[in-house]
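S.K.: Below is the file entry-v4.cif, which contains mmCIF, C-alpha atoms and all ligand atoms.
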```
data_input
#
loop_
_atom_site.label_atom_id
_atom_site.label_comp_id
_atom_site.auth_asym_id
_atom_site.auth_seq_id
_atom_site.Cartn_x
_atom_site.Cartn_y
_atom_site.Cartn_z
CA MET A 12 0.00 0.00 0.00
CA ARG A 13 1.34 3.47 -0.88
CA PHE A 14 1.05 6.21 1.72
CA PRO A 15 0.68 9.78 0.55
CA ARG A 16 3.91 11.77 0.70
CA ALA A 17 4.57 14.16 3.60
CA GLN A 18 3.15 17.58 2.72
CA ASN A 19 6.10 19.28 4.34
CA ASP A 20 8.29 18.92 7.40
CA ARG A 21 5.64 19.71 9.91
CA TYR A 22 2.38 18.18 8.83
CA LEU A 23 1.95 14.66 7.69
CA ARG A 24 -1.35 13.58 6.19
CA VAL A 25 -1.66 9.87 6.86
CA ILE A 26 -4.81 8.40 5.27
CA ASP A 27 -7.25 11.13 6.38
CA VAL A 28 -5.64 12.27 9.63
CA LEU A 29 -3.71 15.54 9.75
CA LEU A 30 -0.80 15.33 12.18
CA PHE A 31 1.45 18.01 13.62
CA ARG A 32 4.83 16.55 14.40
CA GLU A 33 6.67 18.54 17.04
CA LYS A 34 10.37 19.27 16.53
CA ASP A 35 11.88 20.28 19.83
CA PRO A 36 15.62 20.95 19.60
CA PHE A 37 15.89 20.79 23.39
CA ALA A 38 14.27 17.37 23.97
CA PRO A 39 15.10 13.80 22.97
CA ILE A 40 11.48 13.06 22.14
CA ASN A 41 8.96 14.43 19.67
CA TYR A 42 5.24 14.17 20.08
CA SER A 43 2.69 14.07 17.26
CA TYR A 44 -0.74 15.63 17.55
CA GLN A 45 -3.82 14.99 15.49
CA ILE A 46 -5.11 18.35 14.31
CA GLU A 47 -8.32 19.53 12.70
CA GLU A 48 -7.32 22.92 11.42
CA ILE A 49 -4.46 25.38 11.05
CA LEU A 50 -5.96 28.58 12.43
CA CYS A 51 -2.89 30.75 11.98
CA LYS A 52 0.60 30.42 10.57
CA ARG A 53 2.96 33.35 10.29
CA LYS A 54 6.62 34.19 10.62
CA SER A 55 7.80 36.99 12.87
CA LYS A 56 11.37 38.27 13.25
CA TYR A 57 11.82 35.81 16.13
CA ASN A 58 9.51 32.85 15.71
CA GLU A 59 7.41 30.87 13.33
CA ILE A 60 4.05 31.16 15.05
CA MET A 61 1.18 28.73 14.58
CA VAL A 62 -2.17 28.22 16.23
CA LEU A 63 -3.55 24.75 15.54
CA LYS A 64 -6.87 23.27 16.54
CA SER A 65 -6.76 19.78 18.00
CA PRO A 66 -9.80 17.61 18.68
CA HIS A 67 -8.37 16.65 22.08
CA PHE A 68 -6.27 19.63 23.26
CA GLY A 69 -8.30 22.52 21.83
CA LYS A 70 -6.25 25.39 20.42
CA MET A 71 -2.49 24.98 20.62
CA LEU A 72 0.16 27.70 20.40
CA ILE A 73 3.30 26.54 18.59
CA LEU A 74 6.54 28.54 18.32
CA ASP A 75 9.26 27.25 16.01
CA ASN A 76 7.59 23.83 15.96
CA VAL A 77 7.52 23.51 19.74
CA VAL A 78 4.22 23.35 21.64
CA GLN A 79 4.01 26.28 24.07
CA LEU A 80 0.57 25.61 25.46
CA THR A 81 -2.71 23.92 24.80
CA GLU A 82 -6.13 25.12 25.93
CA LEU A 83 -6.67 21.80 27.67
CA ASP A 84 -3.76 21.94 30.12
CA GLU A 85 -2.32 25.47 30.14
CA TYR A 86 -3.78 26.33 33.53
CA PHE A 87 -1.67 23.73 35.35
CA TYR A 88 1.50 25.49 34.20
CA HIS A 89 0.31 29.09 34.54
CA GLU A 90 -1.32 28.65 37.95
CA MET A 91 1.74 26.93 39.39
CA LEU A 92 4.24 29.37 37.89
CA VAL A 93 2.35 32.33 39.36
CA HIS A 94 0.48 31.36 42.51
CA VAL A 95 3.31 29.61 44.36
CA PRO A 96 5.46 32.77 44.74
CA LEU A 97 2.44 35.06 45.11
CA HIS A 98 1.17 32.99 48.04
CA ILE A 99 4.53 33.11 49.80
CA HIS A 100 5.13 36.83 49.40
CA PRO A 101 2.90 38.71 51.86
CA SER A 102 2.06 41.56 49.47
CA SER A 103 3.44 41.53 45.94
CA ARG A 104 2.54 44.86 44.35
CA HIS A 105 5.11 45.26 41.57
CA ILE A 106 5.61 42.36 39.21
CA VAL A 107 7.61 41.70 36.07
CA ILE A 108 6.89 38.85 33.65
CA ILE A 109 9.65 38.08 31.15
CA GLY A 110 8.27 36.35 28.05
CA GLY A 111 4.73 35.12 28.58
CA GLY A 112 3.39 36.73 25.39
CA ASP A 113 0.40 34.40 25.34
CA GLY A 114 -0.92 36.20 28.46
CA GLY A 115 -1.57 33.09 30.58
CA ALA A 116 0.79 34.09 33.39
CA LEU A 117 -0.50 37.66 33.24
CA ARG A 118 -4.10 36.46 33.63
CA GLU A 119 -3.14 34.61 36.81
CA VAL A 120 -1.06 37.50 38.26
CA LEU A 121 -3.99 39.91 37.78
CA LYS A 122 -6.23 37.72 39.94
CA HIS A 123 -4.29 39.06 42.96
CA GLU A 124 -5.89 42.26 44.24
CA GLU A 125 -2.70 43.51 45.87
CA VAL A 126 -0.94 43.69 42.48
CA GLU A 127 -0.67 47.34 41.43
CA ARG A 128 1.62 47.15 38.42
CA VAL A 129 2.77 44.42 36.03
CA VAL A 130 5.44 44.95 33.38
CA LEU A 131 5.35 42.20 30.75
CA VAL A 132 8.56 42.11 28.71
CA GLU A 133 8.14 40.12 25.52
CA ILE A 134 10.67 40.05 22.70
CA ASP A 135 8.12 39.11 20.02
CA ARG A 136 5.20 41.51 19.56
CA GLU A 137 3.50 39.07 17.20
CA VAL A 138 3.10 36.39 19.87
CA ILE A 139 0.95 38.86 21.81
CA GLU A 140 -1.03 39.82 18.70
CA VAL A 141 -1.68 36.19 17.79
CA SER A 142 -2.76 35.39 21.32
CA LYS A 143 -5.14 38.37 21.39
CA SER A 144 -6.70 37.19 18.12
CA PHE A 145 -6.85 33.43 18.71
CA LEU A 146 -6.49 32.73 22.43
CA PRO A 147 -8.86 35.14 24.22
CA THR A 148 -9.08 33.01 27.36
CA LEU A 149 -5.34 33.52 27.87
CA SER A 150 -4.85 37.08 26.61
CA SER A 151 -7.72 38.69 28.54
CA GLY A 152 -5.36 40.63 30.86
CA PHE A 153 -3.63 42.80 28.25
CA GLY A 154 -6.31 45.52 28.54
CA ASP A 155 -5.97 45.83 32.32
CA PRO A 156 -4.81 49.33 33.36
CA ARG A 157 -2.23 47.83 35.76
CA VAL A 158 -0.33 46.31 32.81
CA GLU A 159 2.53 47.83 30.82
CA VAL A 160 3.92 45.83 27.88
CA ARG A 161 7.55 46.35 26.84
CA MET A 162 8.79 44.86 23.57
CA MET A 163 12.41 43.98 24.16
CA ASP A 164 14.79 41.29 25.36
CA GLY A 165 13.99 40.52 28.99
CA ALA A 166 17.66 40.37 29.96
CA ASP A 167 18.22 43.89 28.59
CA PHE A 168 15.13 45.13 30.42
CA ILE A 169 16.30 43.73 33.76
CA LYS A 170 19.78 45.17 33.24
CA THR A 171 18.57 48.68 32.43
CA THR A 172 15.34 49.19 34.37
CA GLY A 173 15.51 51.66 37.20
CA GLU A 174 12.49 50.04 38.87
CA GLU A 175 12.36 47.59 41.76
CA PHE A 176 10.04 44.59 41.84
CA ASP A 177 8.55 42.25 44.40
CA VAL A 178 8.44 39.23 42.08
CA ILE A 179 10.10 38.39 38.75
CA PHE A 180 8.61 35.61 36.59
CA VAL A 181 10.48 34.06 33.68
CA ASP A 182 7.89 32.47 31.38
CA SER A 183 10.18 31.82 28.45
CA THR A 184 10.64 29.43 25.59
CA ASP A 185 13.25 26.66 25.94
CA PRO A 186 16.74 27.98 26.78
CA VAL A 187 17.92 28.04 23.19
CA GLY A 188 18.38 30.97 20.80
CA TYR A 189 17.28 34.34 22.16
CA ALA A 190 15.91 32.78 25.38
CA LYS A 191 19.44 31.78 26.46
CA SER A 192 20.01 35.27 27.84
CA LEU A 193 17.46 34.52 30.58
CA PHE A 194 19.54 31.75 32.18
CA THR A 195 22.99 33.32 32.52
CA ASN A 196 24.86 34.31 35.69
CA GLN A 197 24.64 37.91 34.56
CA PHE A 198 20.84 37.75 34.24
CA PHE A 199 20.43 36.19 37.69
CA THR A 200 22.75 38.84 39.18
CA ASP A 201 20.75 41.63 37.52
CA ALA A 202 17.45 40.02 38.63
CA PHE A 203 18.75 39.92 42.22
CA SER A 204 19.60 43.63 42.04
CA VAL A 205 16.18 44.77 40.83
CA LEU A 206 14.29 42.72 43.40
CA LYS A 207 13.26 44.42 46.63
CA PRO A 208 14.95 43.19 49.86
CA ASP A 209 12.24 40.52 50.25
CA GLY A 210 11.80 39.79 46.54
CA ILE A 211 11.21 36.43 44.83
CA PHE A 212 12.42 35.14 41.45
CA VAL A 213 10.85 32.18 39.65
CA ALA A 214 11.56 30.64 36.26
CA GLN A 215 10.32 27.67 34.30
CA THR A 216 13.33 25.34 34.09
CA GLU A 217 12.35 22.42 31.86
CA SER A 218 11.98 18.71 32.64
CA LEU A 219 13.63 16.73 35.42
CA HIS A 220 13.63 13.64 33.23
CA PHE A 221 15.39 15.21 30.26
CA HIS A 222 17.15 18.33 31.50
CA ARG A 223 18.50 17.48 34.94
CA ASP A 224 21.92 19.04 34.22
CA PHE A 225 20.23 22.23 33.13
CA VAL A 226 18.04 22.31 36.27
CA CYS A 227 21.13 21.70 38.45
CA ASN A 228 23.02 24.44 36.70
CA VAL A 229 20.25 27.01 37.23
CA GLN A 230 19.84 25.99 40.89
CA HIS A 231 23.58 26.39 41.52
CA LYS A 232 23.74 29.76 39.76
CA LEU A 233 20.78 31.07 41.76
CA ALA A 234 22.27 29.77 45.02
CA GLN A 235 25.31 31.99 44.46
CA LYS A 236 23.06 35.03 44.92
CA PHE A 237 19.90 34.14 46.83
CA LYS A 238 19.52 32.99 50.44
CA LEU A 239 16.77 30.45 49.65
CA VAL A 240 16.71 28.44 46.41
CA ASP A 241 14.29 25.62 45.80
CA LEU A 242 12.55 23.57 43.16
CA TYR A 243 8.92 22.66 42.69
CA THR A 244 7.46 20.48 39.99
CA ILE A 245 4.26 19.64 38.20
CA SER A 246 3.21 17.09 35.65
CA ILE A 247 2.36 18.57 32.24
CA ALA A 248 1.09 16.27 29.49
CA THR A 249 2.25 18.37 26.54
CA TYR A 250 5.78 19.44 27.51
CA ALA A 251 8.54 17.04 26.52
CA GLY A 252 9.62 15.12 29.60
CA ASN A 253 6.39 15.96 31.42
CA TRP A 254 7.93 16.27 34.92
CA TRP A 255 8.18 20.07 34.69
CA THR A 256 10.24 22.21 37.05
CA PHE A 257 10.09 25.72 38.39
CA SER A 258 13.21 27.14 40.03
CA ILE A 259 12.39 29.60 42.78
CA ALA A 260 14.85 31.91 44.55
CA SER A 261 13.89 34.08 47.47
CA LYS A 262 15.66 36.76 49.51
CA GLU A 263 13.56 36.38 52.62
CA TYR A 264 10.55 34.04 52.57
CA ASN A 265 10.96 30.28 52.57
CA PRO A 266 9.05 28.91 49.55
CA ARG A 267 8.26 25.72 51.50
CA LYS A 268 6.56 27.52 54.35
CA LYS A 269 2.79 27.28 54.67
CA PRO A 270 1.38 29.55 51.96
CA ARG A 271 -1.16 32.32 52.53
CA LYS A 272 -4.76 31.18 52.27
CA CYS A 273 -5.80 30.98 48.63
CA LYS A 274 -8.72 33.37 48.04
CA ILE A 275 -8.69 33.55 44.27
CA PRO A 276 -10.45 31.22 41.81
CA THR A 277 -8.14 28.43 40.62
CA LYS A 278 -8.64 25.12 38.88
CA TYR A 279 -5.49 23.40 40.15
CA TYR A 280 -3.52 25.53 42.61
CA ALA A 281 -4.42 25.07 46.29
CA GLU A 282 -2.53 25.23 49.60
CA ASP A 283 -1.90 21.48 49.77
CA VAL A 284 -0.92 21.38 46.09
CA HIS A 285 1.60 24.14 46.83
CA ILE A 286 3.15 22.26 49.75
CA ASN A 287 3.30 18.94 47.89
CA ALA A 288 4.79 20.47 44.73
CA PHE A 289 8.20 20.80 46.44
CA LEU A 290 10.41 17.74 46.09
CA PRO A 291 11.19 16.01 49.38
CA GLN A 292 14.65 17.26 50.50
CA SER A 293 16.17 13.77 50.29
CA LEU A 294 14.99 13.31 46.70
CA LYS A 295 16.11 16.81 45.75
CA GLU A 296 19.60 16.08 47.09
CA LYS A 297 19.70 12.70 45.35
CA LEU A 298 18.64 14.18 42.00
CA LEU A 299 20.44 17.49 42.08
CA GLY A 300 23.38 16.89 44.39
N1 LIG A 401 4.65 28.49 28.81
C1 LIG A 401 5.54 28.33 27.73
C2 LIG A 401 6.55 27.23 27.86
O1 LIG A 401 7.09 27.01 28.94
O2 LIG A 401 6.82 26.57 26.87
C3 LIG A 401 6.16 29.63 27.39
C4 LIG A 401 5.22 30.38 26.54
S1 LIG A 401 5.55 32.05 26.16
C5 LIG A 401 4.77 32.05 24.60
C6 LIG A 401 7.28 32.19 25.86
C7 LIG A 401 7.63 33.57 25.31
O3 LIG A 401 8.93 33.92 25.75
C8 LIG A 401 7.65 33.63 23.79
O4 LIG A 401 6.60 34.42 23.33
C9 LIG A 401 9.03 34.25 23.47
O5 LIG A 401 8.98 35.20 22.43
C10 LIG A 401 9.39 34.88 24.81
N2 LIG A 401 10.84 35.06 25.02
C11 LIG A 401 11.80 34.14 24.83
N3 LIG A 401 13.01 34.68 25.10
C12 LIG A 401 12.80 35.97 25.48
C13 LIG A 401 13.64 37.01 25.89
N4 LIG A 401 14.97 36.87 25.93
N5 LIG A 401 13.08 38.19 26.24
C14 LIG A 401 11.72 38.36 26.20
N6 LIG A 401 10.87 37.39 25.78
C15 LIG A 401 11.40 36.21 25.44
#
```
Could you write out this file's structure as structure tokens?
M.R.:
Amino acid sequence: MRFPRAQNDRYLRVIDVLLFREKDPFAPINYSYQIEEILCKRKSKYNEIMVLKSPHFGKMLILDNVVQLTELDEYFYHEMLVHVPLHIHPSSRHIVIIGGGDGGALREVLKHEEVERVVLVEIDREVIEVSKSFLPTLSSGFGDPRVEVRMMDGADFIKTTGEEFDVIFVDSTDPVGYAKSLFTNQFFTDAFSVLKPDGIFVAQTESLHFHRDFVCNVQHKLAQKFKLVDLYTISIATYAGNWWTFSIASKEYNPRKKPRKCKIPTKYYAEDVHINAFLPQSLKEKLLG
């Protein structure tokens, strides 16, 4: 039997099923997704951006052939990135989000009434535009008067801003290409300097299964600056390696301490989820040394 030829590198029509085949340069595995429709496909200066519709995952945002989020499971990632530090800090008023052009992290930050100002620093304007057009459940926060959007490299912003922040979030693509600048010693040093004396830094740091050396490296770099450095994890179906990590570094508050009572609407985050997301110390030492 002859199968139809691949249409191009990224989609493969097999019999009557349209597949998107992920190509992740930072992972030793590639997932394939059945898709119904290509809703958007465009090239910006930084990324090839696609929004695909999947019968199982809903809309999916793809940058340079790597899945960034799906409507089905994005809230696990965004809630955990945001609500863990914001429930440890007693009153986080000034926030910066580096990356996060889809708006998912922003949506979660804005649920906190004490937040007065959020600067979102995204290198690629078109990611924000695409999200506003195709992913309204994620991008709903861009019109909020507390939000300022800066279009530039996050590392340059942190180096040159004169402002101080309570919490810095790094919601970036994989640490390749232009996102590499967000994982250097220099960036962590600059982030430390722009945080207030009780500030908190948190970054997505890839999978414990596939990127343990990378996770270790970030933890060690952060520990050179911050008093308290820790790691919490979550399971995400659509990120390669699944066992996803967040590296958290704090000047004052212990991320493992009992969090403030959660008073905002969440689908996944809760006080006990927060506490259990941190690896047991013995396992952390075994895995990360
Ligand atoms: N939640 C996603 C994940 O972990 O795969 C991240 C999604 S969000 C779309 C990532 C954003 O980070 C992208 O829009 C990308 O343009 C932005 N980004 C990457 N490197 C950056 C940098 N150095 N400065 C600012 N934004 C950056």
S.K.: Using only C-alpha atoms and all ligand atoms, which protein or nucleic acid residues are at most 7 Å from ligand LIG 401 (chain A), as JSON, numbers by chain?
M.R.: {"A": [57, 78, 79, 80, 88, 109, 110, 111, 112, 113, 132, 133, 134, 135, 138, 163, 164, 165, 166, 182, 183, 184, 185, 189, 190, 191, 192, 193, 215]}
S.K.: Using 12 Å as the limit and counting only C-alpha atoms, can you tabulate each residue of stretch 113-163 of chain A that touches stretch 276-300 of chain A, with its shortest atom-to-atom distance in Å and the two atoms involved, as a Markdown table?
M.R.:
```
| residue | atom | partner | partner_atom | distance |
| --- | --- | --- | --- | --- |
| A:Arg118 | CA | A:Thr277 | CA | 11.4 |
| A:Glu119 | CA | A:Thr277 | CA | 8.8 |
| A:Val120 | CA | A:Thr277 | CA | 11.7 |
| A:Leu121 | CA | A:Pro276 | CA | 11.6 |
| A:Lys122 | CA | A:Pro276 | CA | 8.0 |
| A:His123 | CA | A:Pro276 | CA | 10.0 |
```
S.K.: Can you tell me, as a VMD selection string, what residues are no more than 9 Å from A:Leu97 when counting only C-alpha atoms, ignoring any on the same chain fewer than 4 positions away?
M.R.: chain A and resid 93 101 to 103 120 123 178 211 270 to 271
S.K.: Just give me the gap between atom CA of A:Lys170 and atom CA of A:Phe198 in Å, one decimal is fine.
M.R.: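 The value is 7.6 Å.
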S.K.: What's around A:Tyr264 at 10 Å? Count all atoms listed in the file, leave out sequence neighbours fewer than 5 positions away in its own chain, and write the answer as an MDAnalysis selection string.
M.R.: chainID A and resid 96 99:101 209:211 238:239
S.K.: Could you list, as a VMD selection string, every residue within 9 Å of A:Glu85, counting only C-alpha atoms and ignoring same-chain residues fewer than 6 positions away?
M.R.: chain A and resid 79 115 149 247
S.K.: One number please: atom CA of A:Asp201 to atom CA of A:Val181, in Å, one decimal.
M.R.: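 Here the two named atoms are 13.3 Å from each other.
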S.K.: Return the single residue from A:Leu74, A:Ala116, A:Val126, A:Ile179 that is closest to A:Ser151, with distances computed using all atoms listed in the file.
M.R.: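 Residue with the minimum atom-to-atom distance to A:Ser151: A:Ala116.
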